[in-house]
$ cat work.tsv   # TSV, C-alpha atoms
chain	number	residue	atom	x	y	z
A	1	MET	CA	125.10	90.32	102.76
A	2	GLU	CA	123.26	88.12	100.28
A	3	ILE	CA	119.48	87.85	100.78
A	4	ILE	CA	118.39	86.06	97.59
A	5	ARG	CA	120.35	83.62	95.43
A	6	VAL	CA	118.81	82.08	92.32
A	7	GLU	CA	120.84	79.57	90.29
A	8	HIS	CA	119.87	78.02	86.93
A	9	LEU	CA	116.15	78.51	87.55
A	10	LYS	CA	113.88	76.87	84.99
A	11	LYS	CA	110.09	76.76	84.82
A	12	THR	CA	107.98	74.92	82.27
A	13	PHE	CA	104.18	74.95	82.15
A	14	PHE	CA	102.29	72.07	80.56
A	15	HIS	CA	98.94	72.62	78.87
A	16	LYS	CA	97.15	69.98	76.82
A	17	GLU	CA	100.42	68.09	76.35
A	18	GLN	CA	102.11	71.27	75.14
A	19	ALA	CA	105.23	72.34	77.04
A	20	LEU	CA	105.83	76.07	77.44
A	21	GLU	CA	109.27	76.92	78.82
A	22	VAL	CA	108.67	80.30	80.48
A	23	ILE	CA	112.01	80.51	82.33
A	24	LYS	CA	114.91	78.87	80.51
A	25	ASP	CA	117.94	79.44	82.75
A	26	ILE	CA	118.17	82.36	85.17
A	27	SER	CA	120.79	83.10	87.83
A	28	PHE	CA	121.15	86.25	89.95
A	29	THR	CA	121.61	87.46	93.53
A	30	VAL	CA	120.14	90.28	95.62
A	31	ASN	CA	122.04	91.81	98.54
A	32	LYS	CA	120.62	93.26	101.75
A	33	GLY	CA	119.37	96.83	101.29
A	34	GLU	CA	119.54	96.59	97.50
A	35	VAL	CA	116.70	97.60	95.17
A	36	VAL	CA	116.63	95.50	92.00
A	37	ALA	CA	114.23	96.33	89.17
A	38	ILE	CA	113.24	93.62	86.70
A	39	ILE	CA	112.20	94.92	83.29
A	40	GLY	CA	111.32	93.28	80.00
A	41	PRO	CA	108.44	92.64	77.58
A	42	SER	CA	105.24	90.86	78.63
A	43	GLY	CA	105.69	87.10	78.64
A	44	SER	CA	109.42	87.23	79.38
A	45	GLY	CA	109.05	85.29	82.66
A	46	LYS	CA	109.40	88.20	85.13
A	47	SER	CA	106.26	87.54	87.19
A	48	THR	CA	106.72	83.76	87.05
A	49	MET	CA	110.20	84.19	88.53
A	50	LEU	CA	108.78	86.19	91.45
A	51	ARG	CA	106.11	83.55	91.99
A	52	CYS	CA	108.78	80.82	92.14
A	53	ILE	CA	110.77	82.70	94.80
A	54	THR	CA	107.64	83.45	96.87
A	55	GLN	CA	106.43	79.81	96.69
A	56	LEU	CA	103.35	80.52	94.56
A	57	GLU	CA	104.81	78.35	91.77
A	58	GLN	CA	107.02	75.27	91.93
A	59	VAL	CA	110.22	75.37	89.93
A	60	SER	CA	110.98	72.81	87.21
A	61	SER	CA	114.69	72.91	88.04
A	62	GLY	CA	117.18	75.10	89.87
A	63	ASN	CA	118.31	76.33	93.27
A	64	ILE	CA	116.79	79.17	95.31
A	65	SER	CA	118.01	80.32	98.73
A	66	VAL	CA	116.56	83.09	100.92
A	67	CYS	CA	118.64	84.57	103.75
A	68	GLY	CA	121.03	81.62	103.49
A	69	GLU	CA	118.26	78.97	103.77
A	70	ASN	CA	117.65	76.61	100.85
A	71	LEU	CA	114.11	76.91	99.54
A	72	VAL	CA	114.74	74.41	96.75
A	73	LYS	CA	117.88	72.65	95.51
A	74	ASN	CA	118.50	70.28	92.63
A	75	ASP	CA	119.48	66.71	93.45
A	76	GLU	CA	122.15	64.82	91.50
A	77	ASN	CA	119.63	64.14	88.69
A	78	GLN	CA	118.82	67.87	88.40
A	79	ASN	CA	115.37	67.37	89.93
A	80	PRO	CA	114.26	70.07	92.38
A	81	VAL	CA	113.95	69.06	96.03
A	82	TYR	CA	112.10	71.44	98.32
A	83	ALA	CA	112.89	72.08	101.98
A	84	GLY	CA	110.61	70.65	104.68
A	85	LYS	CA	107.31	72.22	105.71
A	86	GLU	CA	108.70	74.16	108.69
A	87	ALA	CA	111.65	75.49	106.70
A	88	LEU	CA	109.34	76.59	103.88
A	89	ARG	CA	107.13	78.44	106.36
A	90	SER	CA	110.18	80.14	107.90
A	91	ILE	CA	111.45	81.17	104.45
A	92	GLY	CA	107.97	82.33	103.42
A	93	LEU	CA	107.86	84.72	106.37
A	94	LYS	CA	111.08	86.35	105.13
A	95	THR	CA	109.47	87.34	101.82
A	96	GLY	CA	106.54	89.67	101.12
A	97	LEU	CA	104.75	90.07	97.80
A	98	VAL	CA	102.69	93.04	96.63
A	99	PHE	CA	100.41	92.08	93.73
A	100	GLN	CA	99.36	94.25	90.81
A	101	ASN	CA	95.64	93.81	91.61
A	102	PHE	CA	95.88	94.50	95.38
A	103	ASN	CA	94.39	91.15	96.63
A	104	LEU	CA	92.78	92.75	99.70
A	105	PHE	CA	89.98	90.98	101.57
A	106	PRO	CA	86.87	92.92	100.42
A	107	HIS	CA	84.83	92.02	103.53
A	108	PHE	CA	87.53	93.21	105.97
A	109	SER	CA	88.17	96.82	106.95
A	110	VAL	CA	91.51	98.37	106.03
A	111	LEU	CA	92.70	97.91	109.63
A	112	ARG	CA	91.68	94.25	109.71
A	113	ASN	CA	93.35	93.60	106.34
A	114	ILE	CA	96.63	94.61	108.00
A	115	THR	CA	96.13	92.98	111.41
A	116	GLU	CA	94.71	89.60	110.31
A	117	ALA	CA	97.95	87.99	109.11
A	118	GLN	CA	99.92	89.43	112.04
A	119	VAL	CA	97.58	87.70	114.49
A	120	HIS	CA	97.07	84.40	112.65
A	121	VAL	CA	100.46	83.96	110.95
A	122	LEU	CA	102.90	85.62	113.36
A	123	GLY	CA	100.84	85.08	116.53
A	124	THR	CA	101.06	88.80	117.38
A	125	PRO	CA	98.66	89.87	120.20
A	126	ALA	CA	95.66	91.74	118.76
A	127	GLU	CA	96.43	95.11	120.37
A	128	GLU	CA	100.07	95.00	119.27
A	129	ALA	CA	98.98	94.07	115.73
A	130	ARG	CA	96.59	97.03	115.78
A	131	GLN	CA	99.37	99.42	116.83
A	132	VAL	CA	101.61	98.14	114.02
A	133	ALA	CA	98.75	98.60	111.53
A	134	VAL	CA	98.02	102.16	112.71
A	135	GLU	CA	101.70	103.13	112.41
A	136	LEU	CA	101.92	101.69	108.90
A	137	LEU	CA	98.73	103.48	107.84
A	138	LYS	CA	100.26	106.74	109.08
A	139	LYS	CA	103.37	105.98	107.03
A	140	MET	CA	101.17	105.43	103.97
A	141	GLY	CA	99.17	108.62	104.60
A	142	LEU	CA	96.01	106.58	105.21
A	143	GLU	CA	95.42	106.90	108.97
A	144	SER	CA	91.90	108.27	108.33
A	145	LYS	CA	90.95	105.17	106.30
A	146	ALA	CA	91.41	102.53	109.03
A	147	ASP	CA	87.68	101.74	109.23
A	148	ALA	CA	87.00	101.98	105.50
A	149	TYR	CA	86.54	98.96	103.24
A	150	PRO	CA	88.57	98.33	100.06
A	151	CYS	CA	85.61	99.23	97.80
A	152	GLN	CA	85.60	102.72	99.35
A	153	LEU	CA	89.22	103.40	98.38
A	154	SER	CA	90.88	104.49	95.16
A	155	GLY	CA	93.19	102.05	93.41
A	156	GLY	CA	96.22	103.94	94.70
A	157	GLN	CA	94.90	103.79	98.27
A	158	GLN	CA	94.18	100.06	97.95
A	159	GLN	CA	97.73	99.44	96.72
A	160	ARG	CA	99.16	101.43	99.66
A	161	VAL	CA	97.10	99.25	102.03
A	162	SER	CA	98.47	96.11	100.36
A	163	ILE	CA	102.03	97.44	100.81
A	164	ALA	CA	101.27	98.14	104.50
A	165	ARG	CA	99.89	94.61	104.86
A	166	ALA	CA	103.08	93.12	103.41
A	167	LEU	CA	105.30	95.29	105.64
A	168	ALA	CA	103.30	94.32	108.75
A	169	LEU	CA	104.80	90.82	108.57
A	170	LYS	CA	108.32	92.36	108.73
A	171	PRO	CA	109.77	90.57	105.69
A	172	GLU	CA	113.48	90.63	104.92
A	173	VAL	CA	112.75	91.28	101.24
A	174	LEU	CA	109.71	92.75	99.52
A	175	PHE	CA	108.71	91.75	96.00
A	176	PHE	CA	106.49	93.93	93.81
A	177	ASP	CA	104.76	92.47	90.75
A	178	GLU	CA	104.04	95.48	88.52
A	179	PRO	CA	102.55	97.45	91.43
A	180	THR	CA	101.29	100.31	89.25
A	181	SER	CA	99.96	98.44	86.20
A	182	ALA	CA	96.33	98.52	87.41
A	183	LEU	CA	96.46	102.25	88.18
A	184	ASP	CA	95.95	105.35	86.07
A	185	PRO	CA	98.98	107.66	85.70
A	186	GLU	CA	97.79	110.07	88.39
A	187	LEU	CA	97.66	107.32	91.03
A	188	THR	CA	100.91	105.69	89.88
A	189	GLY	CA	102.86	108.56	91.44
A	190	GLU	CA	101.43	107.76	94.90
A	191	ILE	CA	102.82	104.23	94.80
A	192	LEU	CA	106.19	105.15	93.35
A	193	LYS	CA	106.60	107.73	96.13
A	194	VAL	CA	105.97	105.03	98.78
A	195	ILE	CA	108.45	102.64	97.14
A	196	ARG	CA	111.05	105.43	96.93
A	197	SER	CA	110.64	106.09	100.67
A	198	LEU	CA	111.16	102.37	101.40
A	199	ALA	CA	114.30	102.42	99.23
A	200	GLU	CA	115.62	105.36	101.29
A	201	GLU	CA	115.08	103.23	104.41
A	202	LYS	CA	117.23	100.50	102.79
A	203	MET	CA	114.39	97.99	102.47
A	204	THR	CA	115.54	95.12	100.24
A	205	MET	CA	113.20	95.09	97.23
A	206	VAL	CA	112.79	93.31	93.90
A	207	ILE	CA	110.40	95.21	91.63
A	208	VAL	CA	108.94	94.01	88.35
A	209	THR	CA	107.97	97.24	86.60
A	210	HIS	CA	107.20	98.91	83.27
A	211	GLU	CA	108.08	102.32	84.70
A	212	MET	CA	111.50	102.88	83.14
A	213	ALA	CA	112.21	106.30	84.65
A	214	PHE	CA	111.30	104.95	88.08
A	215	ALA	CA	113.54	101.89	87.60
A	216	ARG	CA	116.42	104.14	86.55
A	217	ASP	CA	116.02	106.60	89.45
A	218	CYS	CA	114.99	104.28	92.30
A	219	ALA	CA	116.76	100.95	91.68
A	220	ASP	CA	120.41	100.19	92.37
A	221	ARG	CA	120.50	97.55	89.65
A	222	ILE	CA	118.31	96.55	86.72
A	223	ILE	CA	117.86	93.09	85.22
A	224	PHE	CA	116.46	93.01	81.67
A	225	MET	CA	114.70	89.74	80.82
A	226	ASP	CA	113.43	88.48	77.51
A	227	GLY	CA	112.41	85.02	76.33
A	228	GLY	CA	112.95	83.44	79.75
A	229	VAL	CA	116.59	84.50	80.12
A	230	ILE	CA	118.51	87.47	81.50
A	231	VAL	CA	119.72	89.45	78.48
A	232	GLU	CA	121.55	92.17	80.40
A	233	GLU	CA	121.98	93.43	83.94
A	234	GLY	CA	123.89	96.25	85.54
A	235	ASP	CA	123.81	99.60	87.32
A	236	ALA	CA	120.33	101.08	86.90
A	237	LYS	CA	121.33	104.38	85.32
A	238	ASP	CA	123.97	102.79	83.08
A	239	LEU	CA	121.60	100.14	81.76
A	240	ILE	CA	118.80	102.60	80.96
A	241	ASN	CA	121.04	105.32	79.53
A	242	ASN	CA	123.67	103.15	77.82
A	243	PRO	CA	122.37	99.61	77.19
A	244	LYS	CA	124.97	97.29	75.68
A	245	GLU	CA	122.85	94.54	74.12
A	246	ASP	CA	120.89	95.14	70.91
A	247	ARG	CA	117.77	93.51	72.38
A	248	THR	CA	117.89	95.87	75.38
A	249	LYS	CA	118.35	98.86	73.09
A	250	ALA	CA	115.36	97.80	70.98
A	251	PHE	CA	113.18	97.33	74.07
A	252	LEU	CA	114.14	100.67	75.64
A	253	SER	CA	113.63	102.54	72.35
A	254	ASN	CA	109.89	102.12	72.92
A	255	TYR	CA	110.03	104.27	76.08
$ encode --input "work.tsv" --output "structure tokens"
Amino acid sequence: MEIIRVEHLKKTFFHKEQALEVIKDISFTVNKGEVVAIIGPSGSGKSTMLRCITQLEQVSSGNISVCGENLVKNDENQNPVYAGKEALRSIGLKTGLVFQNFNLFPHFSVLRNITEAQVHVLGTPAEEARQVAVELLKKMGLESKADAYPCQLSGGQQQRVSIARALALKPEVLFFDEPTSALDPELTGEILKVIRSLAEEKMTMVIVTHEMAFARDCADRIIFMDGGVIVEEGDAKDLINNPKEDRTKAFLSNY
């Protein structure tokens, strides 16, 4: 079953009358239960693409659907037309995004960071939200940190809390934007272990990452992006071990 469909996505940023085309023309799909890793050099449009799908950026052109609902669709003049407010909210609840710099509320405890959106976005009763948060903290190995504040946690612990917070809203698909880039190598392993466990549970995930071994071993499929286009995509192990395109080979030779 198809969860994400992206067709001919384009995104241009304008700065001081200069146009910067970050995404030139991208099309791909993600199926339920699939783990897709997005790799490529910095500036290739990977994070911008995630931000377009999760409604943090508006597209310049293209079609995006989530769980069969149109988020945005081009009209006959190839101008993007977004769904209505209620539809956008419904689609937004089907996607979760884990940022590279955690984005936790510093003045909230760990527990409240996970319960707040459940109560105010989903309308979950406070006690039920608390139970969900406690279960997720156990899953993350952080049950003893419920009353701690983000500043009292390591980077790896903060990232696990942000993953728990995203999961608390029960998204259909979870996006990760370089979830280990702000961590030292020792803490990176903590996060990759959590993501691997989610993959084993068949959580649908799209992961922008620079961890090539992790992408090879954890993802079902890899998409290699460069210069705002998809250069190559395929089975994770095949693409890492036997890339077909020269640009992919050159990129992977650095790892």
$ residues_around --input "work.tsv" --residues "range 135-144 of chain A" --least-positions-apart "2" --cutoff "7 Å" --atoms "only C-alpha atoms" --output "PyMOL selection string"
chain A and resi 131-133+146+160+164
$ residues_around --input "work.tsv" --residues "Lys11 in chain A" --least-positions-apart "6" --cutoff "6 Å" --atoms "all atoms listed in the file" --output "list in words"
Val22, Ile23, Val59 and Ser60 of chain A
$ axis_aligned_box --input "work.tsv" --around "range 81-86 of chain A" --padding-each-side "5 Å" --output "AutoDock Vina command-line options"
--center_x 110.6 --center_y 71.6 --center_z 102.4 --size_x 16.6 --size_y 15.1 --size_z 22.7
$ atom_distance --input "work.tsv" --atom1 "CA of Glu245 in chain A" --atom2 "CA of Asp217 in chain A"
20.7 Å
$ closest_residue --input "work.tsv" --among "A:Gly62, A:Gly189, A:Gly155, A:Pro179" --to "Phe99 in chain A" --atoms "all atoms listed in the file"
A:Pro179
$ residues_around --input "work.tsv" --residues "Leu252 in chain A" --least-positions-apart "5" --cutoff "9 Å" --atoms "all atoms listed in the file" --output "ChimeraX atom specification"
/A:212,240,243,247
$ closest_residue --input "work.tsv" --among "A:Arg51, A:Arg216, A:Lys73, A:Lys244" --to "Ile39 in chain A" --atoms "all atoms listed in the file"
A:Arg216
$ residues_around --input "work.tsv" --residues "Lys170 in chain A" --least-positions-apart "3" --cutoff "9 Å" --atoms "all atoms listed in the file" --output "list in words"
Leu93, Lys94, Thr95, Gly96, Ala166, Leu167 and Val173 of chain A
$ closest_residue --input "work.tsv" --among "A:Asn242, A:Val30, A:Glu57, A:Val110" --to "Arg165 in chain A" --atoms "only C-alpha atoms"
A:Val110
$ residues_near_point --input "work.tsv" --point "(119.4, 87.4, 102.6)" --cutoff "8 Å" --atoms "all atoms listed in the file" --output "PyMOL selection string"
chain A and resi 1-4+30-32+66-68+172-173
$ residues_around --input "work.tsv" --residues "Asn74 in chain A" --least-positions-apart "6" --cutoff "7 Å" --atoms "only C-alpha atoms" --output "PDB file with C-alpha atoms, keeping the file's coordinate frame"
ATOM      1  CA  SER A  61     114.690  72.910  88.040  1.00  0.00           C
ATOM      2  CA  GLY A  62     117.180  75.100  89.870  1.00  0.00           C
ATOM      3  CA  ASN A  63     118.310  76.330  93.270  1.00  0.00           C
ATOM      4  CA  PRO A  80     114.260  70.070  92.380  1.00  0.00           C
ATOM      5  CA  VAL A  81     113.950  69.060  96.030  1.00  0.00           C
TER       6      VAL A  81
END
$ closest_residue --input "work.tsv" --among "A:Val6, A:Val229, A:Val119, A:Leu50" --to "Leu174 in chain A" --atoms "all atoms listed in the file"
A:Leu50
$ closest_residue --input "work.tsv" --among "A:Phe251, A:Phe108, A:Phe224, A:Phe102" --to "Ser154 in chain A" --atoms "all atoms listed in the file"
A:Phe102
$ residues_near_point --input "work.tsv" --point "(108.0, 70.0, 100.7)" --cutoff "12 Å" --atoms "only C-alpha atoms" --output "mmCIF file with C-alpha atoms, in the coordinates of the input"
data_model
loop_
_atom_site.group_PDB
_atom_site.id
_atom_site.type_symbol
_atom_site.label_atom_id
_atom_site.label_comp_id
_atom_site.auth_asym_id
_atom_site.auth_seq_id
_atom_site.Cartn_x
_atom_site.Cartn_y
_atom_site.Cartn_z
ATOM 1 C CA GLN A 55 106.430 79.810 96.690
ATOM 2 C CA GLN A 58 107.020 75.270 91.930
ATOM 3 C CA ASN A 70 117.650 76.610 100.850
ATOM 4 C CA LEU A 71 114.110 76.910 99.540
ATOM 5 C CA VAL A 72 114.740 74.410 96.750
ATOM 6 C CA LYS A 73 117.880 72.650 95.510
ATOM 7 C CA PRO A 80 114.260 70.070 92.380
ATOM 8 C CA VAL A 81 113.950 69.060 96.030
ATOM 9 C CA TYR A 82 112.100 71.440 98.320
ATOM 10 C CA ALA A 83 112.890 72.080 101.980
ATOM 11 C CA GLY A 84 110.610 70.650 104.680
ATOM 12 C CA LYS A 85 107.310 72.220 105.710
ATOM 13 C CA GLU A 86 108.700 74.160 108.690
ATOM 14 C CA ALA A 87 111.650 75.490 106.700
ATOM 15 C CA LEU A 88 109.340 76.590 103.880
ATOM 16 C CA ARG A 89 107.130 78.440 106.360
#
$ closest_residue --input "work.tsv" --among "A:Lys16, A:Lys10, A:Lys145, A:Lys24" --to "Ser109 in chain A" --atoms "all atoms listed in the file"
A:Lys145
$ atom_distance --input "work.tsv" --atom1 "CA of Glu233 in chain A" --atom2 "CA of Ser181 in chain A"
22.7 Å
$ atom_distance --input "work.tsv" --atom1 "CA of Pro150 in chain A" --atom2 "CA of Ala129 in chain A"
19.3 Å
